[in-house]
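Down below is the structure, laid out as structure tokens.
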Amino acid sequence: MSHRIVIVGGGAGGLELATRLGRKLGKSGAARIILVDANLTHIWKPLLHEVAAGSLNSSEDELNYVAQAKWNHFEFQLGRMSGLDRASKSITLAPTLDDDGQVLMPERRITYDSLVIAVGSTTNDFGTPGAAEHCIFLDTRAQAERFHRRMLSHYLRAHANEGADGSQIDIAIVGAGATGVELAAELHHAAKQLAAYGLNRIRPEDMRITLIEAGPRVLPALPERIARPVHQTLEKLGVTVLTGAAVSEVTADGLKTADGNFIPASLKVWAAGIRAPGFLKDLDGLESNRINQLQVRPTLQTTLDDDVFAFGDCAACPQPGTEGRNVPPRAQAAHQQASLLAKSLRLKISAQPLPEYRYRDYGSLISLSSFSAVGNLMGNLTGSVMLEGWLARVFYVSLYRMHQMALYGVPRTLLLMLSDRIGRSTEPRLKLH
């Protein structure tokens, strides 16, 4: 029988790995590749802030796992992993329910020869009282669409109330990392677009956006030379940026900070911190850290089982030369690790030694909607080059196109780019439903 490789998680890394292995091993019959995910479709997670603001119609940019599997010689199984039995080399999938709560697929088991866990991360609210009840997280397409519907409801209510004076909407975003910063800028752009389409009872300046960061500056994980112009641009757009402000409690009406201030907000987004899904800490005999990430060696094999791999945000991979720090949870790391594992699993089948992963930082890019972009590119030839404005925006957009090329190939990606350009001239610039 051919080697069975089971990949759990169809995010950017897991889907790219399944696609690569399907083309290399699945097509030739050298291995049987099975991708497991709890959803039927994939959307690139860095785009979720655009879905939330309405700048991106998620139904047009989603990828169907069943179709991708057929085109690239792997199998797809709908389900959510709930357990692992290393002795029998099998994983358990929890029952899948339909919209009426009826069992669509019962609990079942899938056996493997090699298991790859790539389930990504979720937002970490650090146990802050009221955060889970009153904040929207942006971990999934459904959550991003929920935020968009709530925001649009504010505008539609104000639009229907013709006799009233202008209304306002207060939005608070907790966490000034990449997601929080990009969402703030995208919402300001959405406010202008909504007014341009006639939903102008809430004027653009009456969408009051507050970005709250517990640390001393925005984008704490990136160099200060990037953070400084981003902070300045946000303030020029009218976003209120509060740094050194830790949120102590979230209520239905707003947020309380540790220094006693209250920030009113009818819409609240929590975008501060990450943790891996909770079920990982309970998996059969595998080591995990305090934020549920699986401990892995530089080969991306888990520390206690050579047949179980983990990568991306759900893995704690050591980064040599950094005094015990792990590889940062970034999209470029997941892409690099997927590329390495595509080679490593082929080597494993032929019982050859596996290479070790070394993180390469190629820089960071932050999009401020249509207003600007800023970042730096790093490489052996260029060193560190600071980018800002339209050129940075071009490079930022190219990151998504590179992801599409890994999944679709160059010809189909070029067709998608052409389709997007045509669509912009025939559709609203903002999703209005």
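To be explicit about the labels: the chains of the structure tokens are called A, B, and onward in the order shown, and within each one the residues are counted from 1, while ligands get numbers from 1 in the order they are shown.
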What's around A:Gln193 at 8 Å? Count only C-alpha atoms, leave out sequence neighbours fewer than 3 positions away in its own chain, and write the answer as a VMD selection string.
chain A and resid 189 to 190 196 to 197 429 to 430
Selection export as a short mmCIF file (atom, residue, chain, number, x, y, z; two decimals), in the first residue's frame, atoms kept: C-alpha atoms:
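For reference, again27.cif as written:
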data_model
loop_
_atom_site.label_atom_id
_atom_site.label_comp_id
_atom_site.auth_asym_id
_atom_site.auth_seq_id
_atom_site.Cartn_x
_atom_site.Cartn_y
_atom_site.Cartn_z
CA HIS A 189 -11.87 53.52 3.57
CA ALA A 190 -15.22 51.70 3.95
CA ALA A 196 -20.36 57.69 -1.67
CA TYR A 197 -23.02 55.02 -2.31
CA ARG A 429 -16.26 48.85 -4.72
CA LEU A 430 -17.68 47.70 -1.41
#
Would you give me, as a Markdown table, each residue of stretch 249-351 of chain A having an atom within 9 Å of an atom of stretch 116-129 of chain A, along with its shortest atom pair and that distance in Å to one decimal, using only C-alpha atoms and sorting by chain and residue number?
| residue | atom | partner | partner_atom | distance |
| --- | --- | --- | --- | --- |
| A:Glu249 | CA | A:Pro129 | CA | 5.0 |
| A:Val250 | CA | A:Pro129 | CA | 6.2 |
| A:Thr251 | CA | A:Pro129 | CA | 8.4 |
| A:Trp270 | CA | A:Asp125 | CA | 7.2 |
| A:Ala271 | CA | A:Thr123 | CA | 6.5 |
| A:Ala272 | CA | A:Asn124 | CA | 6.6 |
| A:Gly273 | CA | A:Asn124 | CA | 5.0 |
| A:Ile274 | CA | A:Thr123 | CA | 4.5 |
| A:Arg275 | CA | A:Ser121 | CA | 5.4 |
| A:Ala276 | CA | A:Ser121 | CA | 4.3 |
| A:Pro277 | CA | A:Ser121 | CA | 6.1 |
| A:Ile291 | CA | A:Asn124 | CA | 8.6 |
| A:Gln293 | CA | A:Ser121 | CA | 8.7 |
| A:Gln301 | CA | A:Val116 | CA | 8.8 |
| A:Asp307 | CA | A:Val116 | CA | 8.5 |
| A:Val308 | CA | A:Val116 | CA | 5.9 |
| A:Phe309 | CA | A:Val116 | CA | 4.6 |
| A:Ala310 | CA | A:Ile117 | CA | 4.6 |
| A:Phe311 | CA | A:Ala118 | CA | 5.6 |
| A:Gly312 | CA | A:Ala118 | CA | 6.1 |
| A:Asp313 | CA | A:Gly120 | CA | 4.7 |
| A:Cys314 | CA | A:Gly120 | CA | 5.0 |
| A:Ala315 | CA | A:Ala118 | CA | 8.0 |
| A:Pro329 | CA | A:Ser121 | CA | 8.7 |
| A:Ala334 | CA | A:Ala118 | CA | 9.0 |
So what do you get for atom CA of A:Gly9 versus atom CA of A:Arg150, distance-wise?
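Answer for the atom CA of A:Gly9 to atom CA of A:Arg150 separation: 28.5 Å.
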Tell me which of A:Val181, A:Val174, A:Leu187, A:Leu25 sits closest to A:Ala245, counting only C-alpha atoms.
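Closest to A:Ala245, using only C-alpha atoms: A:Val174.
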Could you give me the residues within stretch 91-297 of chain A that DSSP places in helix (DSSP H, G or I), as a PyMOL selection string?
chain A and resi 131-134+141-160+178-196+204-206+224-236+278-282
Kindly indicate which residue among A:Lys268, A:Lys256, A:Arg360, A:Arg228 lies nearest to A:Arg208, using only C-alpha atoms for the distances.
A:Lys268
To one decimal place in Å, what is the distance between atom CA of A:Gly324 and atom CA of A:Gln337?
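We find that atom CA of A:Gly324 and atom CA of A:Gln337 lie 19.1 Å from each other.
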One number please: atom CA of A:Tyr155 to atom CA of A:Asp170, in Å, one decimal.
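These atoms are spaced 12.1 Å apart.
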Go through stretch 121-210 of chain A and flag each residue having an atom no more than 7 Å from stretch 47-57 of chain A; for those, report the closest pair of atoms plus their distance in Å to one decimal, using only C-alpha atoms, ordered by chain and rising number, as CSV.
residue,atom,partner,partner_atom,distance
A:Leu138,CA,A:Leu48,CA,6.7
A:Arg141,CA,A:Leu48,CA,6.5
A:Ala144,CA,A:Ala52,CA,4.4
A:Glu145,CA,A:Ala52,CA,5.6
A:Phe147,CA,A:Ala52,CA,5.6
A:His148,CA,A:Ala52,CA,4.8
A:Thr179,CA,A:His49,CA,6.7
A:Glu182,CA,A:His49,CA,6.9
A:Leu183,CA,A:His49,CA,5.1
A:Glu186,CA,A:Ala53,CA,6.1
A:Leu187,CA,A:Ala53,CA,5.4
A:Ala190,CA,A:Ala53,CA,6.1
When you count only C-alpha atoms, which of these residues is closest to A:Pro106: A:Leu93, A:Ile209, A:Ile169, A:Ala221?
A:Leu93
From the list A:Val230, A:Val269, A:Ala38, A:Leu341, which residue is nearest A:Gly375 when using only C-alpha atoms?
A:Val230
